[in-house]
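Raw contents of target.cif, mmCIF, C-alpha atoms and all ligand atoms:
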data_data
loop_
_atom_site.group_PDB
_atom_site.id
_atom_site.type_symbol
_atom_site.label_atom_id
_atom_site.label_comp_id
_atom_site.auth_asym_id
_atom_site.auth_seq_id
_atom_site.Cartn_x
_atom_site.Cartn_y
_atom_site.Cartn_z
ATOM 1 C CA MET A 1 -7.189 8.009 3.758
ATOM 2 C CA ILE A 2 -10.169 8.065 1.414
ATOM 3 C CA TYR A 3 -11.239 11.448 -0.012
ATOM 4 C CA ILE A 4 -14.854 12.250 -0.758
ATOM 5 C CA PHE A 5 -15.366 15.197 -3.119
ATOM 6 C CA CYS A 6 -18.730 16.869 -3.354
ATOM 7 C CA ALA A 7 -19.941 20.067 -4.958
ATOM 8 C CA PRO A 8 -22.826 21.463 -6.924
ATOM 9 C CA SER A 9 -22.350 20.392 -10.553
ATOM 10 C CA GLY A 10 -20.061 22.880 -12.356
ATOM 11 C CA SER A 11 -18.177 24.032 -9.239
ATOM 12 C CA GLY A 12 -14.935 22.420 -10.379
ATOM 13 C CA LYS A 13 -15.005 19.086 -8.587
ATOM 14 C CA SER A 14 -13.673 17.138 -11.607
ATOM 15 C CA THR A 15 -10.988 19.792 -12.057
ATOM 16 C CA MET A 16 -9.886 19.305 -8.419
ATOM 17 C CA VAL A 17 -9.966 15.510 -8.618
ATOM 18 C CA ASN A 18 -7.988 15.559 -11.895
ATOM 19 C CA HIS A 19 -5.401 17.817 -10.295
ATOM 20 C CA LEU A 20 -4.776 15.207 -7.579
ATOM 21 C CA LEU A 21 -4.747 12.306 -10.053
ATOM 22 C CA THR A 22 -2.218 14.102 -12.263
ATOM 23 C CA LYS A 23 -0.031 15.213 -9.385
ATOM 24 C CA HIS A 24 -0.016 11.816 -7.621
ATOM 25 C CA PRO A 25 -0.685 9.152 -10.275
ATOM 26 C CA ASN A 26 0.479 6.279 -8.063
ATOM 27 C CA LEU A 27 -1.180 7.423 -4.865
ATOM 28 C CA PHE A 28 -4.809 8.008 -5.805
ATOM 29 C CA GLU A 29 -7.413 6.376 -7.999
ATOM 30 C CA LEU A 30 -10.880 7.634 -8.801
ATOM 31 C CA SER A 31 -13.782 5.396 -7.913
ATOM 32 C CA ILE A 32 -15.831 4.830 -11.068
ATOM 33 C CA SER A 33 -19.546 4.909 -10.368
ATOM 34 C CA CYS A 34 -22.403 3.214 -12.146
ATOM 35 C CA THR A 35 -24.988 5.479 -13.759
ATOM 36 C CA THR A 36 -28.167 5.093 -15.764
ATOM 37 C CA ARG A 37 -27.600 8.355 -17.676
ATOM 38 C CA PRO A 38 -26.307 8.074 -21.243
ATOM 39 C CA PRO A 39 -22.642 8.923 -21.983
ATOM 40 C CA ARG A 40 -21.893 12.601 -22.697
ATOM 41 C CA GLY A 41 -19.375 13.832 -25.264
ATOM 42 C CA LYS A 42 -16.321 11.584 -25.307
ATOM 43 C CA GLU A 43 -17.168 9.616 -22.169
ATOM 44 C CA VAL A 44 -16.249 5.927 -22.299
ATOM 45 C CA HIS A 45 -17.782 2.987 -20.406
ATOM 46 C CA GLY A 46 -15.385 1.946 -17.636
ATOM 47 C CA ARG A 47 -13.473 5.233 -17.682
ATOM 48 C CA GLU A 48 -15.852 8.014 -16.563
ATOM 49 C CA TYR A 49 -18.663 5.674 -15.490
ATOM 50 C CA TYR A 50 -20.010 2.188 -15.863
ATOM 51 C CA PHE A 51 -23.043 3.072 -18.006
ATOM 52 C CA ILE A 52 -25.767 0.539 -17.209
ATOM 53 C CA SER A 53 -29.513 0.222 -17.822
ATOM 54 C CA THR A 54 -32.099 1.080 -15.188
ATOM 55 C CA ASP A 55 -33.020 -2.637 -15.013
ATOM 56 C CA GLU A 56 -29.418 -3.624 -14.281
ATOM 57 C CA PHE A 57 -29.150 -0.841 -11.707
ATOM 58 C CA ARG A 58 -32.295 -2.147 -9.946
ATOM 59 C CA GLN A 59 -30.913 -5.673 -9.998
ATOM 60 C CA ARG A 60 -27.668 -4.487 -8.411
ATOM 61 C CA ILE A 61 -29.616 -2.653 -5.671
ATOM 62 C CA GLU A 62 -31.440 -5.935 -4.948
ATOM 63 C CA ASN A 63 -28.116 -7.815 -4.837
ATOM 64 C CA ASP A 64 -26.816 -5.260 -2.274
ATOM 65 C CA ASP A 65 -23.862 -4.521 -4.587
ATOM 66 C CA PHE A 66 -23.740 -0.770 -3.818
ATOM 67 C CA ILE A 67 -22.052 0.830 -0.816
ATOM 68 C CA GLU A 68 -24.150 3.890 -1.674
ATOM 69 C CA TYR A 69 -26.500 5.032 -4.436
ATOM 70 C CA GLN A 70 -28.765 7.994 -5.136
ATOM 71 C CA GLN A 71 -31.321 9.148 -7.640
ATOM 72 C CA VAL A 72 -29.259 12.281 -8.258
ATOM 73 C CA TYR A 73 -31.585 13.736 -10.905
ATOM 74 C CA GLU A 74 -35.150 12.723 -11.739
ATOM 75 C CA GLY A 75 -34.998 9.228 -13.191
ATOM 76 C CA LEU A 76 -31.166 9.125 -13.195
ATOM 77 C CA TYR A 77 -29.397 6.844 -10.750
ATOM 78 C CA TYR A 78 -25.753 6.924 -9.666
ATOM 79 C CA GLY A 79 -24.049 4.513 -7.286
ATOM 80 C CA THR A 80 -20.728 3.140 -6.084
ATOM 81 C CA LEU A 81 -20.124 -0.599 -6.172
ATOM 82 C CA LYS A 82 -18.501 -2.179 -3.120
ATOM 83 C CA ASP A 83 -16.278 -4.067 -5.595
ATOM 84 C CA GLU A 84 -14.907 -0.776 -6.939
ATOM 85 C CA ILE A 85 -13.467 0.208 -3.548
ATOM 86 C CA ARG A 86 -11.984 -3.274 -3.122
ATOM 87 C CA ARG A 87 -10.402 -3.072 -6.588
ATOM 88 C CA ILE A 88 -8.652 0.243 -5.824
ATOM 89 C CA GLU A 89 -7.499 -0.733 -2.326
ATOM 90 C CA GLU A 90 -6.134 -4.040 -3.607
ATOM 91 C CA ALA A 91 -4.125 -2.053 -6.173
ATOM 92 C CA GLY A 92 -2.539 -0.248 -3.191
ATOM 93 C CA ARG A 93 -4.089 3.142 -3.936
ATOM 94 C CA GLN A 94 -6.209 5.612 -2.006
ATOM 95 C CA VAL A 95 -9.785 6.004 -3.223
ATOM 96 C CA LEU A 96 -11.140 9.355 -4.443
ATOM 97 C CA PHE A 97 -14.917 9.704 -4.619
ATOM 98 C CA ASP A 98 -16.715 12.201 -6.836
ATOM 99 C CA VAL A 99 -20.323 11.948 -5.686
ATOM 100 C CA ASP A 100 -23.329 14.195 -5.122
ATOM 101 C CA VAL A 101 -23.766 15.990 -1.820
ATOM 102 C CA LYS A 102 -26.254 13.530 -0.278
ATOM 103 C CA GLY A 103 -24.099 10.583 -1.378
ATOM 104 C CA GLY A 104 -21.023 12.234 0.110
ATOM 105 C CA ILE A 105 -22.676 12.744 3.478
ATOM 106 C CA ASN A 106 -23.832 9.104 3.449
ATOM 107 C CA LEU A 107 -20.354 7.837 2.507
ATOM 108 C CA LYS A 108 -18.730 9.907 5.263
ATOM 109 C CA ASN A 109 -21.183 8.394 7.770
ATOM 110 C CA ILE A 110 -20.343 4.889 6.553
ATOM 111 C CA LEU A 111 -16.537 5.388 6.346
ATOM 112 C CA GLY A 112 -16.025 7.640 9.404
ATOM 113 C CA ASP A 113 -12.375 8.457 10.196
ATOM 114 C CA LYS A 114 -11.178 6.474 7.159
ATOM 115 C CA ALA A 115 -12.408 9.361 4.996
ATOM 116 C CA THR A 116 -12.038 13.133 4.670
ATOM 117 C CA SER A 117 -15.021 14.797 3.035
ATOM 118 C CA ILE A 118 -14.261 17.917 0.984
ATOM 119 C CA PHE A 119 -16.869 20.345 -0.333
ATOM 120 C CA ILE A 120 -15.858 22.342 -3.412
ATOM 121 C CA CYS A 121 -17.735 25.609 -3.237
ATOM 122 C CA PRO A 122 -18.375 27.851 -6.287
ATOM 123 C CA PRO A 123 -17.643 31.580 -5.799
ATOM 124 C CA SER A 124 -21.300 32.404 -6.668
ATOM 125 C CA ILE A 125 -24.371 30.939 -8.385
ATOM 126 C CA ASP A 126 -23.849 33.321 -11.348
ATOM 127 C CA GLU A 127 -20.295 32.040 -11.833
ATOM 128 C CA LEU A 128 -21.574 28.461 -11.519
ATOM 129 C CA ARG A 129 -24.009 29.109 -14.383
ATOM 130 C CA ARG A 130 -21.202 30.628 -16.494
ATOM 131 C CA ARG A 131 -19.002 27.561 -15.916
ATOM 132 C CA LEU A 132 -21.789 25.119 -16.793
ATOM 133 C CA GLU A 133 -22.599 27.079 -19.955
ATOM 134 C CA GLY A 134 -18.884 27.385 -20.778
ATOM 135 C CA ARG A 135 -18.344 23.633 -20.476
ATOM 136 C CA GLY A 136 -20.746 23.313 -23.401
ATOM 137 C CA ASP A 137 -21.824 19.714 -22.789
ATOM 138 C CA THR A 138 -25.042 20.201 -20.806
ATOM 139 C CA SER A 139 -28.445 21.185 -22.247
ATOM 140 C CA PRO A 140 -30.074 24.485 -21.084
ATOM 141 C CA GLU A 141 -32.806 22.437 -19.376
ATOM 142 C CA MET A 142 -30.241 20.373 -17.417
ATOM 143 C CA ILE A 143 -28.332 23.564 -16.519
ATOM 144 C CA GLU A 144 -31.509 24.967 -14.909
ATOM 145 C CA LYS A 145 -32.029 21.731 -12.956
ATOM 146 C CA ARG A 146 -28.422 21.805 -11.748
ATOM 147 C CA ILE A 147 -28.595 25.479 -10.714
ATOM 148 C CA ASN A 148 -31.802 24.864 -8.742
ATOM 149 C CA LYS A 149 -30.199 21.907 -7.023
ATOM 150 C CA ALA A 150 -27.022 23.893 -6.248
ATOM 151 C CA ALA A 151 -28.883 26.377 -4.047
ATOM 152 C CA ILE A 152 -30.091 23.472 -1.860
ATOM 153 C CA GLU A 153 -26.709 21.696 -1.859
ATOM 154 C CA LEU A 154 -24.863 24.771 -0.576
ATOM 155 C CA GLU A 155 -26.864 24.455 2.650
ATOM 156 C CA ASP A 156 -25.238 21.071 3.284
ATOM 157 C CA MET A 157 -21.692 22.470 3.190
ATOM 158 C CA LYS A 158 -21.623 22.482 7.000
ATOM 159 C CA HIS A 159 -21.672 18.661 7.108
ATOM 160 C CA PHE A 160 -18.236 18.422 5.440
ATOM 161 C CA ASP A 161 -14.794 18.085 7.039
ATOM 162 C CA ARG A 162 -13.260 20.700 4.733
ATOM 163 C CA VAL A 163 -14.442 23.393 2.298
ATOM 164 C CA VAL A 164 -12.389 24.623 -0.680
ATOM 165 C CA VAL A 165 -13.694 27.747 -2.435
ATOM 166 C CA ASN A 166 -12.895 27.387 -6.138
ATOM 167 C CA ASP A 167 -12.529 31.013 -7.171
ATOM 168 C CA ASP A 168 -8.980 31.423 -8.478
ATOM 169 C CA LEU A 169 -8.008 27.975 -9.748
ATOM 170 C CA ASN A 170 -4.406 27.966 -8.533
ATOM 171 C CA HIS A 171 -5.456 29.141 -5.108
ATOM 172 C CA ALA A 172 -7.994 26.306 -4.926
ATOM 173 C CA PHE A 173 -5.275 23.779 -5.909
ATOM 174 C CA GLU A 174 -3.058 25.145 -3.131
ATOM 175 C CA GLN A 175 -5.822 24.755 -0.559
ATOM 176 C CA LEU A 176 -6.375 21.185 -1.680
ATOM 177 C CA ASP A 177 -2.659 20.332 -1.663
ATOM 178 C CA ALA A 178 -2.451 21.692 1.892
ATOM 179 C CA ILE A 179 -5.239 19.329 3.029
ATOM 180 C CA ILE A 180 -3.477 16.305 1.478
ATOM 181 C CA ASP A 181 -0.098 17.293 2.974
ATOM 182 C CA GLU A 182 -1.656 17.818 6.379
ATOM 183 C CA ASN A 183 -3.233 14.338 6.331
ATOM 184 C CA ARG A 184 -0.014 12.688 5.128
ATOM 185 C CA ASN A 185 2.022 14.431 7.843
ATOM 186 C CA LEU A 186 -0.489 13.408 10.503
ATOM 187 C CA ARG A 187 -0.156 9.750 9.466
ATOM 188 C CA ARG A 188 3.644 9.761 9.547
HETATM 189 P P1 LIG A 201 -17.818 19.715 -11.843
HETATM 190 O O1 LIG A 201 -16.993 18.492 -11.944
HETATM 191 O O2 LIG A 201 -17.978 20.205 -10.437
HETATM 192 O O3 LIG A 201 -19.149 19.606 -12.540
HETATM 193 P P2 LIG A 201 -15.848 20.913 -13.649
HETATM 194 O O4 LIG A 201 -14.564 20.571 -12.991
HETATM 195 O O5 LIG A 201 -16.250 20.166 -14.880
HETATM 196 O O6 LIG A 201 -17.053 20.907 -12.581
HETATM 197 O O7 LIG A 201 -15.805 22.488 -13.952
HETATM 198 C C1 LIG A 201 -16.871 23.132 -14.653
HETATM 199 C C2 LIG A 201 -16.273 24.098 -15.700
HETATM 200 O O8 LIG A 201 -15.656 25.198 -15.012
HETATM 201 C C3 LIG A 201 -15.186 23.458 -16.562
HETATM 202 O O9 LIG A 201 -15.295 23.964 -17.875
HETATM 203 C C4 LIG A 201 -13.887 23.923 -15.874
HETATM 204 O O10 LIG A 201 -12.810 23.993 -16.790
HETATM 205 C C5 LIG A 201 -14.265 25.306 -15.352
HETATM 206 N N1 LIG A 201 -13.545 25.705 -14.119
HETATM 207 C C6 LIG A 201 -13.207 24.926 -13.060
HETATM 208 N N2 LIG A 201 -12.587 25.641 -12.097
HETATM 209 C C7 LIG A 201 -12.540 26.910 -12.548
HETATM 210 C C8 LIG A 201 -12.013 28.146 -12.010
HETATM 211 N N3 LIG A 201 -11.432 28.213 -10.799
HETATM 212 N N4 LIG A 201 -12.139 29.251 -12.757
HETATM 213 C C9 LIG A 201 -12.747 29.210 -13.971
HETATM 214 N N5 LIG A 201 -13.259 28.097 -14.538
HETATM 215 C C10 LIG A 201 -13.168 26.949 -13.850
HETATM 216 P P1 LIG A 202 -22.714 13.934 -13.982
HETATM 217 O O1 LIG A 202 -23.989 13.460 -14.615
HETATM 218 O O2 LIG A 202 -22.489 15.411 -14.159
HETATM 219 O O3 LIG A 202 -21.516 13.097 -14.339
HETATM 220 O O4 LIG A 202 -22.850 13.702 -12.415
HETATM 221 C C1 LIG A 202 -23.953 14.182 -11.739
HETATM 222 C C2 LIG A 202 -23.724 14.067 -10.249
HETATM 223 O O5 LIG A 202 -23.733 12.692 -9.832
HETATM 224 C C3 LIG A 202 -22.365 14.629 -9.797
HETATM 225 O O6 LIG A 202 -22.606 15.469 -8.667
HETATM 226 C C4 LIG A 202 -21.613 13.403 -9.377
HETATM 227 O O7 LIG A 202 -20.702 13.692 -8.348
HETATM 228 C C5 LIG A 202 -22.741 12.508 -8.873
HETATM 229 N N1 LIG A 202 -22.343 11.099 -8.750
HETATM 230 C C6 LIG A 202 -21.497 10.394 -9.555
HETATM 231 N N2 LIG A 202 -21.351 9.153 -9.099
HETATM 232 C C7 LIG A 202 -22.094 9.053 -7.967
HETATM 233 C C8 LIG A 202 -22.315 8.003 -7.020
HETATM 234 O O8 LIG A 202 -21.803 6.889 -7.116
HETATM 235 N N3 LIG A 202 -23.150 8.287 -5.980
HETATM 236 C C9 LIG A 202 -23.733 9.503 -5.829
HETATM 237 N N4 LIG A 202 -24.518 9.694 -4.759
HETATM 238 N N5 LIG A 202 -23.549 10.510 -6.691
HETATM 239 C C10 LIG A 202 -22.729 10.294 -7.751
#

Re-express the file's structure as structure tokens.
Ligand code: ADP
Ligand code: 5GP
Amino acid sequence: MIYIFCAPSGSGKSTMVNHLLTKHPNLFELSISCTTRPPRGKEVHGREYYFISTDEFRQRIENDDFIEYQQVYEGLYYGTLKDEIRRIEEAGRQVLFDVDVKGGINLKNILGDKATSIFICPPSIDELRRRLEGRGDTSPEMIEKRINKAAIELEDMKHFDRVVVNDDLNHAFEQLDAIIDENRNLRR
């Protein structure tokens, strides 16, 4: 089973994905996307993202290297290489995707029953703003862009297989663990 995680930025998607990676280090691996945005904070090429130029990104679109890509923010492209999925599956692990909402819906359409799509929902827009400000790595201008986008993304929640409301963190982890357990039991 492949898991596709989507959420408005700041909802706690990375926190959820990291929970699964820590709890099951040999079961899951995060798909590393390509992006044209510059690294933030302590991000490292090949760990958080493959940071590439817009020219290289365009070339890779032409080569049909991406299973999916989006211009997530104005002028900033993000995409998943087909090779990345192959790499993780060949290592015998299940792929986790952390992608934007449109990308997640596209991936679910491409992957069908091979994937469970999970929407991480913030408790409110005000709390989302607090979390983005609290994370301290995003400029005020980018925070406004992300908040505006969040309102639109919440409308797409209905297209997802599962929704986890990330209010109390431990409760959200429990909801997520229950989804994984349910899928594993179904496959046995
Ligand atoms: P995303 O990956 O969706 O952008 P993050 O996982 O980076 O979001 O979370 C955004 C910020 O909110 C981080 O500083 C994180 O520690 C914090 N956070 C995540 N979940 C919760 C929660 N349930 N309660 C309070 N803060 C949270
Ligand atoms: P950030 O710049 O905060 O790392 O990511 C911005 C958004 O881009 C997040 O919602 C993240 O999930 C999304 N994203 C990352 N990789 C991909 C990808 O390969 N495809 C799509 N569609 N979105 C992605």

- Report as a VMD selection string which protein, DNA and RNA residues come within 7 Å of ligand LIG 202 (chain A), using only C-alpha atoms and all ligand atoms. chain A and resid 6 to 9 33 to 35 37 68 to 70 72 78 to 80 98 to 104

At a cut-off of 10 Å and counting all atoms listed in the file, what residues surround ligand LIG 201 (chain A)? Please answer as a short mmCIF file (atom, residue, chain, number, x, y, z; two decimals) with C-alpha atoms, in the coordinates of the input.
data_model
loop_
_atom_site.label_atom_id
_atom_site.label_comp_id
_atom_site.auth_asym_id
_atom_site.auth_seq_id
_atom_site.Cartn_x
_atom_site.Cartn_y
_atom_site.Cartn_z
CA PHE A 5 -15.37 15.20 -3.12
CA CYS A 6 -18.73 16.87 -3.35
CA ALA A 7 -19.94 20.07 -4.96
CA PRO A 8 -22.83 21.46 -6.92
CA SER A 9 -22.35 20.39 -10.55
CA GLY A 10 -20.06 22.88 -12.36
CA SER A 11 -18.18 24.03 -9.24
CA GLY A 12 -14.94 22.42 -10.38
CA LYS A 13 -15.00 19.09 -8.59
CA SER A 14 -13.67 17.14 -11.61
CA THR A 15 -10.99 19.79 -12.06
CA MET A 16 -9.89 19.30 -8.42
CA VAL A 17 -9.97 15.51 -8.62
CA ASN A 18 -7.99 15.56 -11.90
CA HIS A 19 -5.40 17.82 -10.30
CA ASP A 98 -16.72 12.20 -6.84
CA VAL A 99 -20.32 11.95 -5.69
CA ASP A 100 -23.33 14.20 -5.12
CA ILE A 120 -15.86 22.34 -3.41
CA CYS A 121 -17.74 25.61 -3.24
CA PRO A 122 -18.38 27.85 -6.29
CA PRO A 123 -17.64 31.58 -5.80
CA GLU A 127 -20.30 32.04 -11.83
CA LEU A 128 -21.57 28.46 -11.52
CA ARG A 129 -24.01 29.11 -14.38
CA ARG A 130 -21.20 30.63 -16.49
CA ARG A 131 -19.00 27.56 -15.92
CA LEU A 132 -21.79 25.12 -16.79
CA GLU A 133 -22.60 27.08 -19.95
CA GLY A 134 -18.88 27.38 -20.78
CA ARG A 135 -18.34 23.63 -20.48
CA GLY A 136 -20.75 23.31 -23.40
CA ASP A 137 -21.82 19.71 -22.79
CA ARG A 146 -28.42 21.80 -11.75
CA VAL A 165 -13.69 27.75 -2.44
CA ASN A 166 -12.90 27.39 -6.14
CA ASP A 167 -12.53 31.01 -7.17
CA ASP A 168 -8.98 31.42 -8.48
CA LEU A 169 -8.01 27.98 -9.75
CA ASN A 170 -4.41 27.97 -8.53
CA HIS A 171 -5.46 29.14 -5.11
CA ALA A 172 -7.99 26.31 -4.93
CA PHE A 173 -5.28 23.78 -5.91
#

- Taking into account all atoms listed in the file, which residue in the set A:Leu30, A:Ile61, A:Ile85, A:Leu76 is nearest to A:Leu111?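 Of A:Leu30, A:Ile61, A:Ile85, A:Leu76, the one nearest A:Leu111, counting all atoms listed in the file, is A:Ile85.
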
- Message: I need the output of the PyMOL selection byres (((chain A and resi 28) around 10) and not hetatm) for this file as a ChimeraX atom specification; which residues are they?
- Response: /A:1-3,17,20-27,29-31,88-89,92-96

- Message: Which residues are close to A:Asn148, i.e. within 12 Å by all atoms listed in the file, leaving aside same-chain residues fewer than 3 positions away? Reply as a PyMOL selection string.
- Response: chain A and resi 8-9+73+125-126+128-129+141-145+151-154

- Item | d(atom CA of A:Lys82, atom CA of A:Asp65) in Å | 6.0 Å

Any chance you could work out the axis-aligned box around stretch 113-116 of chain A, listed atoms only, 5 Å on each side, giving centre and edge lengths in Å to one decimal, as JSON?
{"center_x": -11.8, "center_y": 9.8, "center_z": 7.4, "size_x": 11.2, "size_y": 16.7, "size_z": 15.5}

- Message: So the first atom is atom CA of A:Ala178 and the second is atom CA of A:Arg162; what is the distance between them in Å, to one decimal place?
- Response: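 Here the two named atoms are 11.2 Å from each other.
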
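You will find atom CA of A:Ser124 at 22.0 Å from atom CA of A:Ile4.
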
- Task: Using only C-alpha atoms, give me every residue within 12 Å of (-17.4, 4.2, -19.1) in file coordinates, as a list in words.
- Result: Ser31, Ile32, Ser33, Cys34, Thr35, Thr36, Arg37, Pro38, Pro39, Arg40, Gly41, Lys42, Glu43, Val44, His45, Gly46, Arg47, Glu48, Tyr49, Tyr50, Phe51 and Ile52 of chain A

- Selected residue, from A:Ile118, A:Leu176, A:Leu81, A:Ile110, that lies nearest to A:Phe160 when counting only C-alpha atoms: A:Ile118

- Item | Counting all atoms listed in the file, the option among A:Thr138, A:Phe97, A:Lys108, A:Glu56 closest to A:Asp161 |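 Of A:Thr138, A:Phe97, A:Lys108, A:Glu56, the one nearest A:Asp161 is A:Lys108, counting all atoms listed in the file.
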